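K.L.:
Here you go, this is model11.cif (mmCIF, C-alpha atoms).
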data_query
#
loop_
_atom_site.label_atom_id
_atom_site.label_comp_id
_atom_site.auth_asym_id
_atom_site.auth_seq_id
_atom_site.Cartn_x
_atom_site.Cartn_y
_atom_site.Cartn_z
CA MET A 1 0.00 0.00 0.00
CA ILE A 2 1.46 3.34 -1.04
CA ASN A 3 0.59 7.00 -0.53
CA ARG A 4 0.77 9.07 -3.72
CA ASN A 5 0.06 12.53 -2.25
CA LYS A 6 3.65 13.71 -2.76
CA ALA A 7 4.43 11.58 -5.81
CA SER A 8 5.47 12.95 -9.19
CA ILE A 9 6.38 11.55 -12.61
CA LEU A 10 10.00 12.32 -13.41
CA LYS A 11 10.12 10.56 -16.77
CA CYS A 12 7.63 8.65 -18.88
CA ILE A 13 7.51 6.97 -22.29
CA ILE A 14 4.91 5.06 -24.33
CA HIS A 15 5.53 2.15 -26.72
CA LYS A 16 3.23 -0.38 -28.39
CA VAL A 17 3.60 -4.11 -27.85
CA GLY A 18 2.55 -6.64 -30.46
CA ASN A 19 1.69 -10.31 -30.20
CA LYS A 20 4.23 -12.97 -31.08
CA HIS A 21 1.46 -15.51 -31.76
CA ASN A 22 -0.19 -13.54 -34.58
CA ASP A 23 2.99 -11.80 -35.73
CA THR A 24 1.94 -8.23 -34.90
CA LYS A 25 5.01 -6.08 -34.30
CA ASN A 26 6.22 -3.74 -31.57
CA ALA A 27 6.39 0.01 -32.20
CA PHE A 28 8.82 2.13 -30.22
CA SER A 29 8.99 5.79 -29.24
CA GLU A 30 12.36 7.53 -29.38
CA ASN A 31 11.53 10.33 -26.95
CA GLU A 32 9.96 10.69 -23.54
CA LEU A 33 6.48 12.12 -23.09
CA GLN A 34 6.25 15.87 -22.69
CA PHE A 35 3.16 16.48 -20.58
CA ASP A 36 1.05 19.59 -20.58
CA GLU A 37 -0.49 20.43 -17.20
CA GLU A 38 -3.88 18.90 -17.97
CA SER A 39 -2.57 15.54 -19.23
CA TYR A 40 -0.08 15.30 -16.34
CA GLU A 41 -2.80 15.90 -13.74
CA LEU A 42 -4.83 13.10 -15.34
CA MET A 43 -1.97 10.66 -15.91
CA LEU A 44 -0.44 10.68 -12.41
CA PRO A 45 -3.49 9.38 -10.50
CA PHE A 46 -4.41 7.04 -13.39
CA LEU A 47 -1.09 5.23 -13.01
CA LEU A 48 -0.75 5.24 -9.20
CA ARG A 49 -4.29 5.07 -7.81
CA PRO A 50 -4.66 1.27 -8.16
CA PHE A 51 -1.67 0.70 -5.86
CA THR A 52 -2.96 2.78 -2.95
CA SER A 53 -5.31 0.03 -1.76
CA LEU A 54 -3.07 -3.00 -2.27
CA VAL A 55 -2.31 -4.99 0.86
CA GLN A 56 0.11 -7.67 -0.33
CA SER A 57 3.44 -7.17 -2.01
CA HIS A 58 5.59 -9.42 -4.20
CA ARG A 59 9.27 -10.10 -4.75
CA PHE A 60 11.08 -11.05 -7.93
CA ASN A 61 11.61 -14.73 -8.58
CA HIS A 62 13.99 -16.82 -10.69
CA HIS A 63 14.78 -20.54 -10.77
CA ALA A 64 18.56 -19.92 -10.66
CA ASN A 65 19.42 -16.38 -9.53
CA ILE A 66 17.24 -13.34 -8.80
CA GLU A 67 19.78 -11.16 -10.57
CA LEU A 68 18.82 -12.95 -13.80
CA ASN A 69 15.17 -11.90 -13.55
CA GLU A 70 14.72 -9.57 -16.54
CA ILE A 71 12.43 -6.95 -14.98
CA ASN A 72 14.54 -6.88 -11.82
CA ALA A 73 17.62 -6.17 -13.96
CA TYR A 74 15.89 -3.54 -16.14
CA SER A 75 14.45 -1.67 -13.15
CA LYS A 76 17.92 -1.57 -11.56
CA GLU A 77 19.26 0.04 -14.73
CA ILE A 78 16.69 2.84 -14.46
CA PHE A 79 17.28 3.30 -10.73
CA SER A 80 21.01 3.59 -11.42
CA ASP A 81 20.61 6.04 -14.30
CA ASP A 82 17.20 7.46 -15.23
CA ASN A 83 18.68 8.61 -18.55
CA ALA A 84 18.56 4.93 -19.51
CA LEU A 85 14.75 5.00 -19.47
CA VAL A 86 14.25 5.20 -23.25
CA GLU A 87 16.50 2.29 -24.22
CA THR A 88 15.70 0.17 -21.17
CA SER A 89 11.96 0.61 -21.68
CA LYS A 90 12.38 -0.81 -25.21
CA ASN A 91 13.97 -3.91 -23.72
CA ILE A 92 11.07 -4.20 -21.28
CA VAL A 93 8.61 -4.17 -24.21
CA LYS A 94 10.69 -6.75 -26.09
CA HIS A 95 10.61 -9.00 -23.02
CA LEU A 96 6.82 -8.55 -22.77
CA TYR A 97 6.50 -9.42 -26.47
CA GLU A 98 8.42 -12.67 -25.94
CA GLN A 99 5.77 -13.75 -23.41
CA SER A 100 2.91 -12.98 -25.82
CA THR A 101 2.66 -16.50 -27.19
CA SER A 102 -1.13 -16.93 -27.18
CA ALA A 103 -3.89 -15.45 -29.33
CA GLN A 104 -5.67 -14.65 -26.05
CA ILE A 105 -3.03 -12.08 -25.11
CA LYS A 106 -3.89 -8.62 -26.36
CA THR A 107 -1.68 -6.06 -28.02
CA GLY A 108 -1.65 -2.59 -26.47
CA ASP A 109 0.16 0.49 -25.25
CA VAL A 110 2.98 0.06 -22.73
CA ILE A 111 3.82 2.96 -20.44
CA VAL A 112 7.11 2.92 -18.54
CA ALA A 113 7.49 5.66 -15.94
CA TYR A 114 9.96 6.75 -13.30
CA PHE A 115 8.43 8.26 -10.13
CA ASP A 116 9.70 9.93 -7.01
CA GLY A 117 7.99 11.03 -3.79
CA ILE A 118 6.13 7.77 -3.24
CA GLU A 119 5.46 7.02 0.43
CA TYR A 120 5.78 3.39 1.56
CA ASN A 121 6.16 2.17 5.15
CA GLU A 122 6.90 5.72 6.35
CA MET A 123 9.66 6.17 3.75
CA VAL A 124 9.68 8.46 0.71
CA ILE A 125 11.20 6.61 -2.23
CA ASP A 126 11.41 6.46 -6.02
CA ALA A 127 9.85 3.73 -8.16
CA VAL A 128 9.69 2.33 -11.68
CA GLY A 129 6.25 1.62 -13.10
CA ILE A 130 5.30 -0.59 -16.06
CA PHE A 131 1.73 -0.39 -17.31
CA LYS A 132 -0.09 -2.12 -20.16
CA ILE A 133 -3.24 -0.63 -21.72
CA GLU A 134 -5.19 -3.40 -23.45
CA ASN A 135 -8.68 -1.97 -23.88
CA LYS A 136 -9.74 1.29 -25.49
CA SER A 137 -13.13 2.92 -24.92
CA ASN A 138 -15.36 4.55 -27.51
CA PHE A 139 -16.18 8.21 -26.95
CA PHE A 140 -17.89 10.98 -28.91
CA GLN A 141 -15.84 13.93 -30.11
CA THR A 142 -17.83 17.03 -31.12
CA TYR A 143 -16.62 19.41 -33.81
CA LEU A 144 -17.88 22.52 -35.59
CA GLU A 145 -18.43 22.46 -39.34
CA ASN A 146 -20.49 24.87 -41.51
CA ASN A 147 -21.83 26.66 -38.41
CA SER A 148 -23.20 23.38 -36.96
CA TYR A 149 -21.86 20.91 -34.47
CA ASP A 150 -21.44 17.27 -35.38
CA VAL A 151 -19.94 14.22 -33.69
CA ILE A 152 -17.50 11.45 -34.58
CA VAL A 153 -16.65 8.33 -32.62
CA GLN A 154 -13.05 7.91 -31.48
CA LYS A 155 -11.26 5.38 -29.31
CA GLY A 156 -9.17 6.32 -26.30
CA ILE A 157 -7.80 5.18 -22.95
CA ASN A 158 -10.29 5.09 -20.09
CA ALA A 159 -8.56 7.13 -17.38
CA LYS A 160 -10.56 5.43 -14.62
CA LYS A 161 -9.31 1.87 -15.10
CA LEU A 162 -5.80 0.49 -15.52
CA ASP A 163 -5.67 -2.89 -17.25
CA LYS A 164 -2.31 -4.14 -16.01
CA GLY A 165 0.44 -2.50 -14.02
CA CYS A 166 3.34 -3.07 -11.68
CA LEU A 167 5.27 -0.73 -9.43
CA ILE A 168 8.84 -1.63 -8.47
CA LEU A 169 9.78 0.28 -5.35
CA ASN A 170 13.37 1.28 -4.72
CA THR A 171 13.34 -0.42 -1.34
CA GLY A 172 13.26 -4.00 -0.19
CA ASP A 173 14.40 -6.65 2.22
CA ALA A 174 16.40 -9.86 2.15
CA GLU A 175 14.12 -11.17 -0.61
CA GLY A 176 14.75 -8.18 -2.88
CA LYS A 177 12.88 -5.13 -4.18
CA VAL A 178 9.23 -4.63 -3.23
CA VAL A 179 6.93 -5.21 -6.22
CA LEU A 180 3.25 -4.24 -6.34
CA THR A 181 1.04 -5.45 -9.17
CA VAL A 182 -2.53 -5.07 -10.41
CA ASP A 183 -4.40 -6.91 -13.16
CA ASN A 184 -7.98 -6.01 -13.98
CA ASN A 185 -8.04 -8.35 -17.01
CA ASN A 186 -6.96 -11.49 -15.20
CA TYR A 187 -8.01 -13.94 -17.91
CA ASP A 188 -4.27 -14.12 -18.67
CA SER A 189 -2.82 -13.26 -15.27
CA ALA A 190 -0.18 -16.01 -15.43
CA TYR A 191 1.25 -14.30 -18.50
CA TRP A 192 1.69 -11.04 -16.58
CA THR A 193 2.74 -12.20 -13.09
CA ASP A 194 4.47 -15.53 -13.76
CA LYS A 195 6.04 -15.08 -17.18
CA PHE A 196 6.62 -11.35 -17.69
CA LEU A 197 7.29 -10.20 -14.12
CA ASN A 198 8.17 -13.62 -12.66
CA ILE A 199 7.19 -12.67 -9.11
CA LYS A 200 6.03 -14.40 -5.95
CA TYR A 201 4.28 -13.20 -2.82
CA ALA A 202 6.59 -11.82 -0.16
CA ASP A 203 7.30 -14.18 2.73
CA ASP A 204 5.56 -12.04 5.34
CA TYR A 205 2.54 -12.05 7.63
CA ASN A 206 0.30 -10.84 4.82
CA SER A 207 1.01 -13.90 2.67
CA HIS A 208 0.94 -16.23 5.69
CA THR A 209 -2.57 -15.00 6.55
CA GLN A 210 -3.64 -15.15 2.90
CA ASN A 211 -2.33 -18.70 2.41
CA TYR A 212 -4.03 -20.08 5.50
CA LEU A 213 -7.37 -18.46 4.71
CA GLU A 214 -7.17 -19.77 1.12
CA LEU A 215 -6.47 -23.24 2.53
CA CYS A 216 -9.51 -23.02 4.80
CA LYS A 217 -11.79 -21.70 2.04
CA GLU A 218 -10.85 -24.47 -0.40
CA PHE A 219 -11.08 -27.15 2.32
CA SER A 220 -14.54 -25.88 3.27
CA THR A 221 -15.75 -26.18 -0.32
CA GLU A 222 -14.03 -29.33 -1.53
CA VAL A 223 -14.26 -31.41 1.66
CA ILE A 224 -16.81 -30.07 4.16
CA LYS A 225 -19.51 -28.97 1.72
CA THR A 226 -19.13 -32.11 -0.38
CA SER A 227 -19.34 -34.44 2.62
CA TYR A 228 -21.56 -32.57 5.07
CA GLY A 229 -23.40 -29.76 3.26
CA SER A 230 -23.46 -25.96 2.95
CA LYS A 231 -24.54 -25.31 6.55
CA GLU A 232 -21.48 -27.10 7.93
CA ARG A 233 -19.22 -25.37 5.39
CA ASN A 234 -20.46 -21.93 6.45
CA ASP A 235 -20.24 -22.87 10.11
CA PHE A 236 -16.57 -23.85 9.65
CA LEU A 237 -15.76 -20.60 7.81
CA ALA A 238 -17.49 -18.48 10.46
CA LYS A 239 -15.51 -20.20 13.21
CA THR A 240 -12.30 -19.76 11.22
CA ILE A 241 -12.87 -16.01 10.79
CA ASP A 242 -13.80 -15.69 14.46
CA PHE A 243 -10.57 -17.48 15.48
CA PHE A 244 -8.52 -15.07 13.36
CA LYS A 245 -10.35 -12.08 14.83
CA GLU A 246 -9.76 -13.27 18.39
CA ASN A 247 -6.06 -14.11 18.00
CA GLU A 248 -3.24 -11.79 16.97
CA ILE A 249 -0.98 -14.82 16.48
CA ILE A 250 -2.27 -17.99 14.83
CA ASN A 251 -0.98 -21.27 16.20
CA VAL A 252 -2.06 -24.01 13.80
CA GLU A 253 -2.26 -26.76 16.43
CA ARG A 254 -4.49 -24.63 18.62
CA PHE A 255 -6.61 -23.72 15.60
CA LYS A 256 -7.32 -27.39 14.86
CA GLU A 257 -8.12 -28.16 18.50
CA GLU A 258 -10.67 -25.33 18.75
CA ILE A 259 -12.29 -25.61 15.31
CA PHE A 260 -12.65 -29.38 14.87
CA GLU A 261 -14.62 -31.52 17.29
CA GLU A 262 -13.52 -34.93 16.00
CA GLU A 263 -10.06 -36.35 15.39
CA LYS A 264 -11.07 -37.65 11.96
CA HIS A 265 -11.81 -34.09 10.82
CA ILE A 266 -8.33 -32.99 11.92
CA ASP A 267 -6.87 -35.85 9.88
CA LEU A 268 -8.90 -34.78 6.85
CA PHE A 269 -7.67 -31.22 7.25
CA GLU A 270 -4.02 -32.28 7.62
CA SER A 271 -4.22 -34.47 4.54
CA TYR A 272 -5.81 -31.68 2.50
CA LYS A 273 -3.21 -29.18 3.80
CA LYS A 274 -0.35 -31.34 2.46
CA ASP A 275 -1.96 -31.56 -0.97
CA PHE A 276 -2.68 -27.81 -0.95
CA GLU A 277 0.95 -26.97 -0.09
CA ALA A 278 2.25 -29.23 -2.87
CA GLU A 279 -0.21 -27.88 -5.44
CA GLN A 280 0.43 -24.22 -4.57
CA ASN A 281 4.18 -24.73 -4.01
CA ILE A 282 4.02 -23.04 -0.61
CA ILE A 283 4.66 -23.93 3.03
CA ILE A 284 1.94 -23.16 5.57
CA ARG A 285 3.56 -21.77 8.71
CA ASN A 286 2.82 -23.49 12.03
CA GLN A 287 2.60 -20.06 13.68
CA PHE A 288 2.27 -16.56 12.22
CA ASP A 289 1.01 -13.07 12.96
CA VAL A 290 -2.43 -12.15 11.63
CA SER A 291 -2.67 -9.41 9.00
CA GLU A 292 -5.83 -7.45 9.83
CA LYS A 293 -5.91 -5.92 6.35
CA VAL A 294 -5.78 -9.30 4.61
CA LEU A 295 -8.36 -10.73 7.01
CA THR A 296 -10.75 -7.86 6.28
CA LYS A 297 -10.25 -8.21 2.52
CA GLU A 298 -10.68 -11.98 2.47
CA LYS A 299 -13.69 -11.93 4.77
CA LYS A 300 -15.54 -9.80 2.23
CA LYS A 301 -14.95 -12.44 -0.44
CA ILE A 302 -16.50 -15.30 1.54
CA LYS A 303 -19.97 -16.23 0.36
CA THR A 304 -22.16 -17.74 3.08
CA ASP A 305 -25.36 -18.22 1.09
CA ILE A 306 -27.09 -21.60 1.12
CA LYS A 307 -28.71 -21.85 -2.30
CA LEU A 308 -31.60 -24.31 -2.56
CA ASP A 309 -33.14 -25.82 -5.69
CA THR A 310 -36.53 -24.42 -4.64
CA HIS A 311 -35.32 -20.88 -5.49
CA ILE A 312 -34.79 -19.98 -1.84
CA GLN A 313 -31.50 -18.70 -0.39
CA ILE A 314 -30.45 -18.56 3.25
CA LYS A 315 -27.74 -16.00 4.00
CA LEU A 316 -25.64 -16.54 7.13
CA ASP A 317 -23.63 -13.90 8.97
CA ILE A 318 -19.91 -14.67 8.76
CA ASP A 319 -19.37 -12.65 11.96
CA ALA A 320 -21.78 -14.84 13.97
CA PRO A 321 -20.04 -18.23 14.21
CA ASP A 322 -22.59 -19.81 16.56
CA ALA A 323 -25.76 -18.59 14.80
CA ALA A 324 -26.10 -21.50 12.38
CA SER A 325 -25.54 -24.21 14.99
CA GLU A 326 -27.94 -22.58 17.50
CA HIS A 327 -30.73 -21.28 15.27
CA LEU A 328 -30.68 -23.41 12.11
CA GLU A 329 -31.69 -27.06 11.86
CA ARG A 330 -31.48 -29.32 8.84
CA GLY A 331 -33.79 -32.32 8.47
CA TYR A 332 -35.63 -34.62 6.09
CA ASP A 333 -39.40 -34.76 5.60
CA GLU A 334 -40.49 -38.34 4.90
CA ASP A 335 -43.89 -37.31 3.56
CA LYS A 336 -42.54 -34.80 1.02
CA LYS A 337 -39.33 -36.74 0.45
CA MET A 338 -37.42 -33.46 0.68
CA HIS A 339 -34.75 -31.94 2.88
CA TYR A 340 -35.64 -28.85 4.93
CA TYR A 341 -34.12 -26.11 7.10
CA LYS A 342 -35.85 -24.90 10.26
CA VAL A 343 -34.89 -21.34 11.36
CA TYR A 344 -35.48 -20.04 14.90
CA PHE A 345 -35.84 -16.29 15.58
CA ASN A 346 -37.42 -13.81 17.96
CA ALA A 347 -38.35 -10.97 15.59
CA GLU A 348 -38.11 -9.92 11.99
CA ASP A 349 -36.22 -6.79 10.92
#
Represent the structure contained in this file as structure tokens.
P.N.:
Amino acid sequence: MINRNKASILKCIIHKVGNKHNDTKNAFSENELQFDEESYELMLPFLLRPFTSLVQSHRFNHHANIELNEINAYSKEIFSDDNALVETSKNIVKHLYEQSTSAQIKTGDVIVAYFDGIEYNEMVIDAVGIFKIENKSNFFQTYLENNSYDVIVQKGINAKKLDKGCLILNTGDAEGKVVLTVDNNNYDSAYWTDKFLNIKYADDYNSHTQNYLELCKEFSTEVIKTSYGSKERNDFLAKTIDFFKENEIINVERFKEEIFEEEKHIDLFESYKKDFEAEQNIIIRNQFDVSEKVLTKEKKKIKTDIKLDTHIQIKLDIDAPDAASEHLERGYDEDKKMHYYKVYFNAED
């Protein structure tokens, strides 16, 4: 998460990237953008706004040596000498082009910018930004001809939505430079994050919280819902969220003891956890600090609706872990040969 209140664009250039799959070519600019006041005031927030609400950060990755990661190397060139922006930005576009090996990947404009005055973790730092514009919007342009106004349709960049972007901050830790990334067209997100940027989540409390909540969400759907039903799934998720809210530090052994009533359920969870770690290529920590920001974000994503084939939905409150077990009963009616839910309440809102 950054603060852009004091940020400014020092240098900026635009190129066009083609698609290797369909043999469309790159087109390069030879000079940096020269902003007028109006375009600058529109461009700065357009590029930086998406990063102000990000919680998790990434680090560069490489199978052999981080120094061999292309975007890591190119960003270091710009940090070392911002006069290298024009030529280095061309290499960035060429690297992006080499990853464009599918017809699904769109051509577009690539903006490479060098910023200063960005606030991150109480520091003011510079940053390199790489942005890809994939979609253009239609808009009407009015013009005067023969004493009458007319309109034509033109295509342009929608200044309210950035398709893809990354911000490489000139600060880091033992894992390397801090990288922030956004992708609003995530149909091809692996192309952007895995192939072009080649990044991984930082090994911090944000990713530890994220990984464990993802584990619990998938376990609740693939194991609990499949074996026991939606009510039990939602009950498990509500208890999980409540455990995270009540504990600043998560101890996995204590979590299992408090959440699961039977030993066989703990065994199911442990077995699923091993498969999840192998599939995601991660290690779930046995103890970690809770990230309140990640918890808040992930809690909003959890759907607790019980959808029935009779066109009725029951929505449970994720912040009330005991409500379902105390006030909701599931049964089977022998006469109707149908399942049912019985809901207890004192008053209607």
K.L.:
Just want the 8 Å neighbourhood of Thr107 in chain A, counted on only C-alpha atoms, with same-chain residues fewer than 2 positions away dropped. Output as a short mmCIF file (atom, residue, chain, number, x, y, z; two decimals) with C-alpha atoms, in the frame of the given file.
P.N.:
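Result saved to part.cif:
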data_model
loop_
_atom_site.label_atom_id
_atom_site.label_comp_id
_atom_site.auth_asym_id
_atom_site.auth_seq_id
_atom_site.Cartn_x
_atom_site.Cartn_y
_atom_site.Cartn_z
CA LYS A 16 3.23 -0.38 -28.39
CA VAL A 17 3.60 -4.11 -27.85
CA GLY A 18 2.55 -6.64 -30.46
CA ASN A 19 1.69 -10.31 -30.20
CA ILE A 105 -3.03 -12.08 -25.11
CA ASP A 109 0.16 0.49 -25.25
CA GLU A 134 -5.19 -3.40 -23.45
#
K.L.:
Please measure the separation of CA of Leu85 in chain A and CA of Asn65 in chain A, giving the value in Å to one decimal.
P.N.:
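Interatomic distance here is 24.0 Å.
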K.L.:
Any idea what's packed within 9 Å of Ile302 in chain A, counting all atoms listed in the file, ignoring anything in its chain fewer than 5 positions away? Could you give it as a PDB file with C-alpha atoms, in the frame of the given file?
P.N.:
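Output (part06.pdb):
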ATOM      1  CA  LYS A 217     -11.790 -21.700   2.040  1.00  0.00           C
ATOM      2  CA  LEU A 237     -15.760 -20.600   7.810  1.00  0.00           C
ATOM      3  CA  ILE A 318     -19.910 -14.670   8.760  1.00  0.00           C
TER       4      ILE A 318
END
K.L.:
Using the chain letters and numbers from the file, give me the residues hit by the PyMOL selection byres ((chain A and resi 201) around 10), as an MDAnalysis selection string.
P.N.:
chainID A and resid 56:61 178:180 199:200 202:204 206:208 210
K.L.:
Need the shell around range 115-119 of chain A: protein/DNA/RNA residues with any atom at most 7 Å away, counting all atoms listed in the file. Skip same-chain ones fewer than 6 positions apart. Format as a VMD selection string?
P.N.:
chain A and resid 2 to 4 6 to 10 125 to 128
K.L.:
Give as an NGL selection string the set of residues within 12 Å of the point (-34.7, -15.3, 15.2), where distances use the file's coordinates and all atoms listed in the file.
P.N.:
:A and (323-324 or 326-328 or 342-349)
K.L.:
Would you be able to write out as an mmCIF file with C-alpha atoms, in the frame of the given file which residues have an atom within 10 Å of (8.2, -16.4, -22.2) in the file's coordinates, counting all atoms listed in the file?
P.N.:
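The new file out-v2.cif reads:
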data_model
loop_
_atom_site.group_PDB
_atom_site.id
_atom_site.type_symbol
_atom_site.label_atom_id
_atom_site.label_comp_id
_atom_site.auth_asym_id
_atom_site.auth_seq_id
_atom_site.Cartn_x
_atom_site.Cartn_y
_atom_site.Cartn_z
ATOM 1 C CA HIS A 95 10.610 -9.000 -23.020
ATOM 2 C CA LEU A 96 6.820 -8.550 -22.770
ATOM 3 C CA TYR A 97 6.500 -9.420 -26.470
ATOM 4 C CA GLU A 98 8.420 -12.670 -25.940
ATOM 5 C CA GLN A 99 5.770 -13.750 -23.410
ATOM 6 C CA SER A 100 2.910 -12.980 -25.820
ATOM 7 C CA THR A 101 2.660 -16.500 -27.190
ATOM 8 C CA TYR A 191 1.250 -14.300 -18.500
ATOM 9 C CA ASP A 194 4.470 -15.530 -13.760
ATOM 10 C CA LYS A 195 6.040 -15.080 -17.180
ATOM 11 C CA PHE A 196 6.620 -11.350 -17.690
ATOM 12 C CA ASN A 198 8.170 -13.620 -12.660
#
K.L.:
I'd like the contact shell of Ala84 in chain A - 12 Å cut-off, only C-alpha atoms, skipping same-chain residues fewer than 2 positions apart - returned as a ChimeraX atom specification.
P.N.:
/A:11-13,30-32,74-82,86-92,112-114
K.L.:
As a PDB file with C-alpha atoms, keeping the file's coordinate frame, please: the residues near range 243-260 of chain A (cut-off 10 Å, all atoms listed in the file, same-chain neighbours under 6 positions excluded).
P.N.:
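As a result, part-v6.pdb now contains:
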ATOM      1  CA  TYR A 205       2.540 -12.050   7.630  1.00  0.00           C
ATOM      2  CA  HIS A 208       0.940 -16.230   5.690  1.00  0.00           C
ATOM      3  CA  THR A 209      -2.570 -15.000   6.550  1.00  0.00           C
ATOM      4  CA  TYR A 212      -4.030 -20.080   5.500  1.00  0.00           C
ATOM      5  CA  LEU A 213      -7.370 -18.460   4.710  1.00  0.00           C
ATOM      6  CA  ASP A 235     -20.240 -22.870  10.110  1.00  0.00           C
ATOM      7  CA  PHE A 236     -16.570 -23.850   9.650  1.00  0.00           C
ATOM      8  CA  LEU A 237     -15.760 -20.600   7.810  1.00  0.00           C
ATOM      9  CA  ILE A 266      -8.330 -32.990  11.920  1.00  0.00           C
ATOM     10  CA  ASP A 267      -6.870 -35.850   9.880  1.00  0.00           C
ATOM     11  CA  PHE A 269      -7.670 -31.220   7.250  1.00  0.00           C
ATOM     12  CA  GLU A 270      -4.020 -32.280   7.620  1.00  0.00           C
ATOM     13  CA  ILE A 284       1.940 -23.160   5.570  1.00  0.00           C
ATOM     14  CA  ARG A 285       3.560 -21.770   8.710  1.00  0.00           C
ATOM     15  CA  ASN A 286       2.820 -23.490  12.030  1.00  0.00           C
ATOM     16  CA  GLN A 287       2.600 -20.060  13.680  1.00  0.00           C
ATOM     17  CA  PHE A 288       2.270 -16.560  12.220  1.00  0.00           C
ATOM     18  CA  ASP A 289       1.010 -13.070  12.960  1.00  0.00           C
ATOM     19  CA  VAL A 290      -2.430 -12.150  11.630  1.00  0.00           C
ATOM     20  CA  SER A 291      -2.670  -9.410   9.000  1.00  0.00           C
ATOM     21  CA  GLU A 292      -5.830  -7.450   9.830  1.00  0.00           C
ATOM     22  CA  LEU A 295      -8.360 -10.730   7.010  1.00  0.00           C
ATOM     23  CA  THR A 296     -10.750  -7.860   6.280  1.00  0.00           C
ATOM     24  CA  ASP A 319     -19.370 -12.650  11.960  1.00  0.00           C
ATOM     25  CA  PRO A 321     -20.040 -18.230  14.210  1.00  0.00           C
TER      26      PRO A 321
END
K.L.:
Quick check, in Å to one decimal: how far apart do CA of Met1 in chain A and CA of Tyr120 in chain A lie?
P.N.:
6.9 Å
